[in-house]
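S.K.: Would you mind keeping the following structure in view while I ask a few things?
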Amino acid sequence: MPFVGAPPGTTPSAIAASPSRGPSSRQNLGDPLAARRPRSSAAGALTTRHRLPPSGRPPWLPQATGHGPGEWGHASRLDKSLPAHVRADPLRTWRWHNLLVSFAHSIVSGVWALLCIWQTPEMLVEIETAWSLSGYLLVCFSAGYFIHDTVDIVVSHQTGASWEYLVHHVMAMGAFCSGIFWSSFVGGGVLTLLVEVSNIFLTIRMMMKINNAQDHLLYRVNKYINLVMYFLFRLAPQAYLTGFFLQYAGQRNLGGFLLSILLMLDVMILIYFSRLLRSDFCPERAPSQRHKDKFLTE
């Protein structure tokens, strides 16, 4: 009796001796062109079935946050806590995590700087010679944060979009070295870190912009608080320090070096201030965004 599906004249012994046919072989019996199609190897089939998504991340791994390989286990929990609008964009996700670290540093350093001045008020006058252990540790702590943020920007390939931050961090670390290695101008470093009080509200503003929450009541209230804090803890201390360091103009010493850094920071602060005013208070005068993520650096 002939076997169903076997060619005429095929004996049972011939069928038993033939290689076993899987589901693909049975499908090929009804497809006369199947034999002419090239058959990929097992490795090629695996590569096709498990092709990586455009992000380059295997589907069985949680999305990385951009802060190092040790965060794979925590990435999924962190991403779930993000706003949906931020979580959908990898750049916004990285920037959100980066700003969270900056926000924590601003709170700690800003409060710490106020406590240092309260404990050692002579830092307001004896900017070069005033020293305290708390102020010295604060300068070291902030230098460590700037190093961390610099590495994070470079490793995450955000150098082009965040080059202004890199320039600022390099100048800040160069200034802090005078207090760390020579124990000079520690008081000046503490006064400089008063800017972190202003950065608390500036970071809140930036995070709300990333989340497209400019129409929220909190954003409108925060922009006025941010403006006041910008005057009190950024422009005023910077102007006071610039007036003090002008006495070192033309001198080839540490004071003259710090004056050059301070003047460059003055220029950057004024540029940031003009951007802040245009963006929050004169939006009709703000330049059109040529890049969708330009606001991340403003």
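So you can find residues: chains in the structure tokens are A, B, ... in the order shown, residues in each start at 1, and ligands are numbered from 1 in order.
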Running DSSP on the backbone, which parts of segment 105-272 of chain A land in helix (DSSP H, G or I), as a ChimeraX atom specification?

M.R.: /A:105-119,121-124,133-155,163-181,186-192,195-210,217-248,254-272

S.K.: Give me, please, the distance in Å between atom CA of Glu122 of chain A and atom CA of Gln238 of chain A, quoted to one decimal.

M.R.: 17.6 Å

S.K.: Quick one: everything within 8 Å of segment 168-181 of chain A, counting only C-alpha atoms, minus sequence neighbours fewer than 4 positions away in the same chain. Send it as a list in words.

M.R.: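 With the cut-off at 8 Å, the set is Tyr136, Val139, Cys140, Ala143, Phe146, Ile147, Thr150, Glu164, Phe185, Val186, Gly189, Leu254, Leu258, Ile261 and Leu265 of chain A.
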
S.K.: Nearest to Trp96 of chain A: which of A:Ile127, A:Ile210, A:Ala84, A:Ile153 is it, counting only C-alpha atoms?

M.R.: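 For Trp96 of chain A, the nearest of the given residues is A:Ile210.
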
S.K.: Figure out the distance between atom CA of Ile200 of chain A and atom CA of Leu99 of chain A, please, to one decimal in Å.

M.R.: 10.3 Å

S.K.: I want to know what sits within 9 Å of segment 280-286 of chain A, based on only C-alpha atoms, with residues of the same chain fewer than 5 positions away left out; could you give that as a ChimeraX atom specification?

M.R.: /A:220,223,275

S.K.: Considering only C-alpha atoms, return as a PyMOL selection string whatever protein or nucleic-acid residues lie within 10 Å of Pro121 of chain A, sequence-local ones (same chain, fewer than 5 positions apart) excluded.

M.R.: chain A and resi 114-116+126+130+187

S.K.: Keeping only all heavy atoms, take the residues you just selected and write them out as a short mmCIF file (atom, residue, chain, number, x, y, z; two decimals), in the first residue's frame.

M.R.:
data_model
loop_
_atom_site.label_atom_id
_atom_site.label_comp_id
_atom_site.auth_asym_id
_atom_site.auth_seq_id
_atom_site.Cartn_x
_atom_site.Cartn_y
_atom_site.Cartn_z
N LEU A 114 26.21 77.66 52.61
CA LEU A 114 25.60 78.59 53.58
C LEU A 114 26.04 78.27 55.00
O LEU A 114 26.32 79.19 55.80
CB LEU A 114 24.08 78.53 53.46
CG LEU A 114 23.47 79.09 52.16
CD1 LEU A 114 21.98 78.80 52.12
CD2 LEU A 114 23.73 80.59 52.05
N LEU A 115 26.13 76.99 55.34
CA LEU A 115 26.57 76.60 56.68
C LEU A 115 28.03 76.97 56.90
O LEU A 115 28.41 77.40 58.01
CB LEU A 115 26.37 75.09 56.88
CG LEU A 115 24.92 74.61 57.00
CD1 LEU A 115 24.87 73.09 57.09
CD2 LEU A 115 24.23 75.24 58.21
N CYS A 116 28.86 76.82 55.87
CA CYS A 116 30.28 77.18 56.01
C CYS A 116 30.44 78.68 56.30
O CYS A 116 31.25 79.08 57.15
CB CYS A 116 31.04 76.82 54.74
SG CYS A 116 31.31 75.05 54.50
N GLU A 126 38.12 87.66 54.25
CA GLU A 126 39.46 87.11 54.01
C GLU A 126 39.34 85.95 53.01
O GLU A 126 39.47 84.78 53.35
CB GLU A 126 40.07 86.64 55.33
CG GLU A 126 40.19 87.75 56.38
CD GLU A 126 40.63 87.23 57.72
OE1 GLU A 126 40.90 86.01 57.83
OE2 GLU A 126 40.70 88.03 58.66
N ALA A 130 41.17 82.78 54.64
CA ALA A 130 40.20 82.10 55.50
C ALA A 130 40.12 80.62 55.12
O ALA A 130 40.07 80.27 53.94
CB ALA A 130 38.83 82.77 55.39
N GLY A 187 38.03 80.25 50.96
CA GLY A 187 36.87 81.11 51.14
C GLY A 187 36.26 81.53 49.82
O GLY A 187 35.03 81.59 49.67
#

S.K.: Tell me, as a list in words, which residues lie within 9 Å of Thr192 of chain A, counting only C-alpha atoms; anything in the same chain fewer than 3 positions away does not count.

M.R.: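 Here the qualifying residues turn out to be Ala113, Gly187, Gly188, Gly189, Val195, Glu196, Phe233, Arg234, Pro237, Gln238 and Leu241 of chain A.
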
S.K.: Write out as a VMD selection string which residues come within 12 Å of Ala213 of chain A when counting only C-alpha atoms, dropping same-chain ones fewer than 6 positions away.

M.R.: chain A and resid 83 85 to 86 204 to 207 219 to 220 222

S.K.: Save out the residues we just selected, all heavy atoms, as a PDB file, in the first residue's frame.

M.R.:
ATOM      1  N   PRO A  83       8.704  60.367  33.585  1.00  0.00           N
ATOM      2  CA  PRO A  83       7.503  60.733  32.818  1.00  0.00           C
ATOM      3  C   PRO A  83       7.520  60.061  31.457  1.00  0.00           C
ATOM      4  O   PRO A  83       8.573  59.848  30.857  1.00  0.00           O
ATOM      5  CB  PRO A  83       7.622  62.259  32.706  1.00  0.00           C
ATOM      6  CG  PRO A  83       8.524  62.661  33.823  1.00  0.00           C
ATOM      7  CD  PRO A  83       9.480  61.532  34.023  1.00  0.00           C
ATOM      8  N   HIS A  85       6.692  61.090  28.569  1.00  0.00           N
ATOM      9  CA  HIS A  85       7.246  61.922  27.504  1.00  0.00           C
ATOM     10  C   HIS A  85       8.767  61.871  27.499  1.00  0.00           C
ATOM     11  O   HIS A  85       9.400  61.907  26.441  1.00  0.00           O
ATOM     12  CB  HIS A  85       6.766  63.365  27.669  1.00  0.00           C
ATOM     13  CG  HIS A  85       7.305  64.304  26.631  1.00  0.00           C
ATOM     14  ND1 HIS A  85       6.851  64.310  25.332  1.00  0.00           N
ATOM     15  CD2 HIS A  85       8.269  65.253  26.698  1.00  0.00           C
ATOM     16  CE1 HIS A  85       7.503  65.228  24.640  1.00  0.00           C
ATOM     17  NE2 HIS A  85       8.364  65.814  25.447  1.00  0.00           N
ATOM     18  N   VAL A  86       9.366  61.777  28.678  1.00  0.00           N
ATOM     19  CA  VAL A  86      10.827  61.710  28.780  1.00  0.00           C
ATOM     20  C   VAL A  86      11.323  60.322  28.443  1.00  0.00           C
ATOM     21  O   VAL A  86      12.338  60.149  27.762  1.00  0.00           O
ATOM     22  CB  VAL A  86      11.278  62.127  30.198  1.00  0.00           C
ATOM     23  CG1 VAL A  86      12.787  61.980  30.351  1.00  0.00           C
ATOM     24  CG2 VAL A  86      10.848  63.562  30.487  1.00  0.00           C
ATOM     25  N   ILE A 204      15.259  72.730  38.416  1.00  0.00           N
ATOM     26  CA  ILE A 204      13.819  72.447  38.354  1.00  0.00           C
ATOM     27  C   ILE A 204      13.248  72.989  37.050  1.00  0.00           C
ATOM     28  O   ILE A 204      12.435  72.331  36.384  1.00  0.00           O
ATOM     29  CB  ILE A 204      13.105  73.066  39.568  1.00  0.00           C
ATOM     30  CG1 ILE A 204      13.539  72.358  40.854  1.00  0.00           C
ATOM     31  CG2 ILE A 204      11.591  72.991  39.396  1.00  0.00           C
ATOM     32  CD1 ILE A 204      12.978  72.978  42.120  1.00  0.00           C
ATOM     33  N   ARG A 205      13.657  74.178  36.675  1.00  0.00           N
ATOM     34  CA  ARG A 205      13.190  74.777  35.420  1.00  0.00           C
ATOM     35  C   ARG A 205      13.565  73.917  34.223  1.00  0.00           C
ATOM     36  O   ARG A 205      12.744  73.654  33.338  1.00  0.00           O
ATOM     37  CB  ARG A 205      13.782  76.173  35.272  1.00  0.00           C
ATOM     38  CG  ARG A 205      13.595  76.797  33.899  1.00  0.00           C
ATOM     39  CD  ARG A 205      14.391  78.092  33.797  1.00  0.00           C
ATOM     40  NE  ARG A 205      14.299  78.659  32.466  1.00  0.00           N
ATOM     41  CZ  ARG A 205      15.119  78.359  31.457  1.00  0.00           C
ATOM     42  NH1 ARG A 205      16.106  77.481  31.652  1.00  0.00           N
ATOM     43  NH2 ARG A 205      14.968  78.912  30.272  1.00  0.00           N
ATOM     44  N   MET A 206      14.815  73.449  34.177  1.00  0.00           N
ATOM     45  CA  MET A 206      15.281  72.659  33.043  1.00  0.00           C
ATOM     46  C   MET A 206      14.561  71.318  32.972  1.00  0.00           C
ATOM     47  O   MET A 206      14.224  70.845  31.876  1.00  0.00           O
ATOM     48  CB  MET A 206      16.794  72.462  33.144  1.00  0.00           C
ATOM     49  CG  MET A 206      17.583  73.771  33.059  1.00  0.00           C
ATOM     50  SD  MET A 206      19.357  73.530  33.332  1.00  0.00           S
ATOM     51  CE  MET A 206      19.781  72.614  31.863  1.00  0.00           C
ATOM     52  N   MET A 207      14.310  70.692  34.112  1.00  0.00           N
ATOM     53  CA  MET A 207      13.627  69.408  34.100  1.00  0.00           C
ATOM     54  C   MET A 207      12.175  69.563  33.644  1.00  0.00           C
ATOM     55  O   MET A 207      11.643  68.697  32.935  1.00  0.00           O
ATOM     56  CB  MET A 207      13.694  68.775  35.493  1.00  0.00           C
ATOM     57  CG  MET A 207      15.102  68.411  35.933  1.00  0.00           C
ATOM     58  SD  MET A 207      15.194  67.685  37.587  1.00  0.00           S
ATOM     59  CE  MET A 207      14.478  66.073  37.289  1.00  0.00           C
ATOM     60  N   TYR A 219       5.854  75.813  37.003  1.00  0.00           N
ATOM     61  CA  TYR A 219       6.888  76.426  36.158  1.00  0.00           C
ATOM     62  C   TYR A 219       6.786  77.952  36.203  1.00  0.00           C
ATOM     63  O   TYR A 219       7.805  78.651  36.294  1.00  0.00           O
ATOM     64  CB  TYR A 219       6.748  75.930  34.721  1.00  0.00           C
ATOM     65  CG  TYR A 219       7.832  76.437  33.797  1.00  0.00           C
ATOM     66  CD1 TYR A 219       9.010  75.712  33.621  1.00  0.00           C
ATOM     67  CD2 TYR A 219       7.694  77.637  33.114  1.00  0.00           C
ATOM     68  CE1 TYR A 219      10.019  76.165  32.780  1.00  0.00           C
ATOM     69  CE2 TYR A 219       8.697  78.102  32.272  1.00  0.00           C
ATOM     70  CZ  TYR A 219       9.844  77.373  32.111  1.00  0.00           C
ATOM     71  OH  TYR A 219      10.845  77.830  31.294  1.00  0.00           O
ATOM     72  N   ARG A 220       5.563  78.487  36.153  1.00  0.00           N
ATOM     73  CA  ARG A 220       5.397  79.946  36.159  1.00  0.00           C
ATOM     74  C   ARG A 220       5.828  80.544  37.496  1.00  0.00           C
ATOM     75  O   ARG A 220       6.407  81.628  37.537  1.00  0.00           O
ATOM     76  CB  ARG A 220       3.943  80.293  35.845  1.00  0.00           C
ATOM     77  CG  ARG A 220       3.518  79.918  34.434  1.00  0.00           C
ATOM     78  CD  ARG A 220       2.228  80.604  34.054  1.00  0.00           C
ATOM     79  NE  ARG A 220       1.103  80.148  34.876  1.00  0.00           N
ATOM     80  CZ  ARG A 220       0.314  79.136  34.532  1.00  0.00           C
ATOM     81  NH1 ARG A 220       0.533  78.455  33.408  1.00  0.00           N
ATOM     82  NH2 ARG A 220      -0.694  78.786  35.313  1.00  0.00           N
ATOM     83  N   ASN A 222       8.038  79.065  39.579  1.00  0.00           N
ATOM     84  CA  ASN A 222       9.471  78.820  39.722  1.00  0.00           C
ATOM     85  C   ASN A 222      10.305  79.799  38.909  1.00  0.00           C
ATOM     86  O   ASN A 222      11.418  80.147  39.316  1.00  0.00           O
ATOM     87  CB  ASN A 222       9.785  77.383  39.304  1.00  0.00           C
ATOM     88  CG  ASN A 222      11.255  77.048  39.446  1.00  0.00           C
ATOM     89  OD1 ASN A 222      11.764  76.830  40.539  1.00  0.00           O
ATOM     90  ND2 ASN A 222      11.970  77.007  38.322  1.00  0.00           N
TER      91      ASN A 222
END
